[in-house]
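The block underneath contains the structure these notes are about, expressed in structure tokens.
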Amino acid sequence: MNFSRTLTFWYSEHKRDMPWRNTKNPYNIWLSEIILQQTQITQGQPYYDAFVNKYPTVFDLANAQESEVLKLWQGLGYYSRARNLHASAKHVANELNGIFPNTYKDLLNLKGVGDYTASAIASICFNEPTAVVDGNVYRVLSRYFGIDTPINSTKGIKEFKTLATSLIDHQNPSDYNQAIMEFGAIQCKPRNPNCNACPLNESCVALQKNIIDQLPVKLKKTKISTKYFNFIVMLSTDKKTIFQKRTHKGIWQNLYQFPLMESEKKLKIADFKKHPFIVSYFEDTPFEFSLYNNIDIVHKLSHQHLHTKFWIVEIDQLPQKGIPIADLKRYPTSILISNFIDEFFDA
DNA sequence: AAATCGGGGTC
DNA sequence: GACCCAGATTT
């Protein structure tokens with residue numbers, strides 16, 4: 001049996017049951033693929049269920065407010081996915097009469113849909129033989145064929161896409177694509193793959209050369225930077241606080257947060273009241289303050305570490321319009337802020 | 001070509 | 001700590 005047939009047979013025997021495997025509806029498949037980008041099944045599945053439940057059709061999603069979509073997305077990360085999801089839903093609902101594009105080429109025009117996702121939807125929903133290349137596929141192909149081209153290099157991206165395209169089963173592109181991904185996820189795993197029980201172990205180049213643990217090759221990522229975040233949690237006598245939207249580009253765009261001052265170094269408690277940001281914010285209004293956490297909370301993102309302090313400011317009247325503290329949890333926010341709210345206000 | 005964009009899980 | 005995850009987009 002050849003490579004592709006072996007994989008699809010293996011898939012028929014081993015595939016896990018998942019909610020998006022019981023449908024070919026492009027809306028559902030699209031939703032699942034966006035949610036699962038750079039996200040493990042176990043983390044994404046509850047979000048998929050929640051979205052299908054709250055927004056059963058693309059029209060329901062299109063009619064929602066963006067902040068509502070972001071709230072449901074809260075905790076999943078890579079929030080541009082949620083913003084693009086909502087924008088594309090509006091486009092499909094309003095410009096395309098609710099009908100999803102049905103080719104790889106046209107699917108690519110949707111915001112948030114790149115090569116992988118367009119290939120996945122086109123193959124799963126419309127039987128187009130477009131090969132998916134995700135992290136699983138890179139691993140399976142690099143090992144089986146013994147390819148050491150870095151998977152995140154321009155050359156590697158082209159090379160693996162071409163190879164995957166040459167391997168796809170034209171009789172059943174949907175099952176083949178899902179088979180190779182499922183195979184990578186539970187058989188040809190990143191660490192300790194089960195080569196003894198592998199249906200491809202007799203022809204796997206990496207196994208023969210004993211270089212399974214050296215593949216795939218990946219260029220090393222850029223180094224992590226450190227930033228210092230100081231959030232100002234205001235508490236007025238009428239139980240309000242200031243919670244504002246991050247409108248600028250960057251992390252957490254369009255999510256909400258307490259007023260933030262970034263500092264180059266750790267801000268000390270003696271310096272807090274004299275900080276220019278604080279001086280301009282409160283002018284001559286008297287207030288008392290305290291530091292919630294003496295030890296920085298280090299929030300780790302993939303490319304930066306945020307050393308965070310929460311400053312509690314008790315004040316008679318807010319320096320600007322605020323929101324009731326009781327309403328804080330209605331707003332979409334980061335895990336960093338969400339955790340603080342849970343600890344500080346619910347304890 | 002490299003950087004940006006999250007959060008959770010594993011070893 | 002390093003690496004990974006059904007990647008896309010911007011710089």
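By order in the structure tokens, chains are A, B, ...; within a chain, residues start at 1; ligands start at 1, following the order shown.
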
Residues of chain A that have any atom at most 8 Å from an atom of chain C: could you tabulate them with the shortest-distance atom pair and the distance in Å to one decimal, using only C-alpha atoms (C1' of nucleotides), ordered by chain and increasing number, as CSV?
residue,atom,partner,partner_atom,distance
A:Glu33,CA,C:DA6,C1',6.5
A:Leu36,CA,C:DA6,C1',5.6
A:Gln37,CA,C:DG7,C1',5.5
A:Gln38,CA,C:DC5,C1',4.8
A:Thr39,CA,C:DC5,C1',4.9
A:Gln40,CA,C:DC5,C1',5.0
A:Gly112,CA,C:DA8,C1',5.9
A:Val113,CA,C:DA8,C1',7.0
A:Gly114,CA,C:DA8,C1',5.9
A:Tyr116,CA,C:DG7,C1',7.2
A:Asp134,CA,C:DA6,C1',6.3
A:Gly135,CA,C:DC5,C1',7.6
A:Asn136,CA,C:DA6,C1',7.8
A:Met181,CA,C:DA6,C1',6.8
A:Pro190,CA,C:DC4,C1',7.6

Residues as selected, N, CA and C atoms, written as a CSV table (one decimal), in the first residue's frame, can you do that?
chain,number,residue,atom,x,y,z
A,33,GLU,N,-12.0,25.5,11.9
A,33,GLU,CA,-10.6,25.7,11.4
A,33,GLU,C,-10.0,27.0,11.9
A,36,LEU,N,-9.1,26.4,15.6
A,36,LEU,CA,-8.1,25.4,15.8
A,36,LEU,C,-6.7,25.9,15.3
A,37,GLN,N,-6.6,27.1,14.7
A,37,GLN,CA,-5.3,27.6,14.3
A,37,GLN,C,-4.4,27.8,15.5
A,38,GLN,N,-3.3,27.1,15.5
A,38,GLN,CA,-2.3,27.2,16.5
A,38,GLN,C,-2.9,26.9,17.9
A,39,THR,N,-3.9,26.0,17.9
A,39,THR,CA,-4.6,25.7,19.1
A,39,THR,C,-4.9,24.2,19.2
A,40,GLN,N,-4.7,23.6,20.3
A,40,GLN,CA,-4.9,22.2,20.4
A,40,GLN,C,-6.4,21.9,20.5
A,112,GLY,N,-8.5,36.3,7.5
A,112,GLY,CA,-8.2,35.3,8.5
A,112,GLY,C,-8.1,33.9,7.9
A,113,VAL,N,-8.3,33.8,6.6
A,113,VAL,CA,-8.2,32.5,5.9
A,113,VAL,C,-7.0,32.5,5.0
A,114,GLY,N,-6.0,31.7,5.4
A,114,GLY,CA,-4.8,31.6,4.6
A,114,GLY,C,-4.7,30.3,3.8
A,116,TYR,N,-3.5,27.3,4.6
A,116,TYR,CA,-4.0,26.1,5.3
A,116,TYR,C,-5.5,26.0,5.3
A,134,ASP,N,-0.2,21.7,7.8
A,134,ASP,CA,-0.1,22.3,9.2
A,134,ASP,C,1.1,21.7,9.9
A,135,GLY,N,1.1,22.0,11.2
A,135,GLY,CA,2.3,21.5,12.0
A,135,GLY,C,2.4,20.0,12.0
A,136,ASN,N,1.2,19.3,11.9
A,136,ASN,CA,1.2,17.9,11.9
A,136,ASN,C,1.8,17.4,10.6
A,181,MET,N,-3.3,14.8,9.2
A,181,MET,CA,-3.3,15.6,10.4
A,181,MET,C,-3.5,14.8,11.7
A,190,PRO,N,5.1,14.8,18.2
A,190,PRO,CA,6.4,15.5,18.3
A,190,PRO,C,7.4,14.7,19.1

Please determine the contact residues of chain B with respect to chain A at a cut-off of 6 Å, counting only C-alpha atoms (C1' of nucleotides), and supply them as a list in words.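 Those within range of chain A come out as DC5, DG6 and DG7 of chain B.
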
As a VMD selection string, please: every residue in region 196-307 of chain A that a backbone DSSP assignment puts in strand (DSSP E or B). chain A and resid 225 to 236 240 to 241 244 to 245 256 to 257 260 to 263 287 to 291 297 to 300 304 to 307

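Residues surrounding Ala62 (chain A) within 7 Å are His86, Ala89, Lys90 and Ala93 of chain A [only C-alpha atoms (C1' of nucleotides); sequence separation below 6 positions excluded].
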
Find the residues near Phe9 (chain A): any atom within 10 Å, counting only C-alpha atoms (C1' of nucleotides), skip ones fewer than 3 places away on the same chain, and give them as number ranges by chain. A: 1, 4-6, 12-14, 175-176, 179, 199

So the first atom is CA of Pro46 (chain A) and the second is CA of Lys111 (chain A); what is the distance between them in Å, to one decimal place? 23.2 Å

Between CA of Ser225 (chain A) and C1' of DG8 (chain B), what is the distance in Å, rounded to a tenth? 20.1 Å

Residue set, region 229-279 of chain A restricted to alpha helix (DSSP H), as number ranges by chain: A: 269-272, 276-279

I need the residues from that last selection saved to file as a compact mmCIF listing (two decimals), in the first residue's frame (with N, CA, C and O atoms), if you can.
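Dumped to result09.txt:
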# COMPACT_ATOMS: atom_id res chain seq x y z
N ILE A 269 6.92 51.62 44.86
CA ILE A 269 5.73 52.20 45.49
C ILE A 269 5.95 53.67 45.83
O ILE A 269 5.03 54.49 45.76
N ALA A 270 7.18 54.03 46.15
CA ALA A 270 7.47 55.43 46.49
C ALA A 270 7.37 56.33 45.27
O ALA A 270 7.15 57.54 45.39
N ASP A 271 7.53 55.75 44.09
CA ASP A 271 7.52 56.56 42.88
C ASP A 271 6.12 56.70 42.26
O ASP A 271 5.91 57.53 41.39
N PHE A 272 5.20 55.85 42.74
CA PHE A 272 3.92 55.75 42.06
C PHE A 272 3.19 57.09 41.97
O PHE A 272 2.80 57.54 40.90
N PRO A 276 4.53 60.82 36.22
CA PRO A 276 3.86 61.82 35.37
C PRO A 276 2.47 61.38 34.93
O PRO A 276 1.53 62.20 34.86
N PHE A 277 2.34 60.10 34.64
CA PHE A 277 1.04 59.59 34.21
C PHE A 277 -0.01 59.80 35.30
O PHE A 277 -1.12 60.27 35.05
N ILE A 278 0.39 59.48 36.54
CA ILE A 278 -0.53 59.62 37.68
C ILE A 278 -0.82 61.08 37.96
O ILE A 278 -1.97 61.47 38.18
N VAL A 279 0.22 61.90 37.91
CA VAL A 279 0.05 63.32 38.19
C VAL A 279 -0.93 63.95 37.21
O VAL A 279 -1.85 64.69 37.59
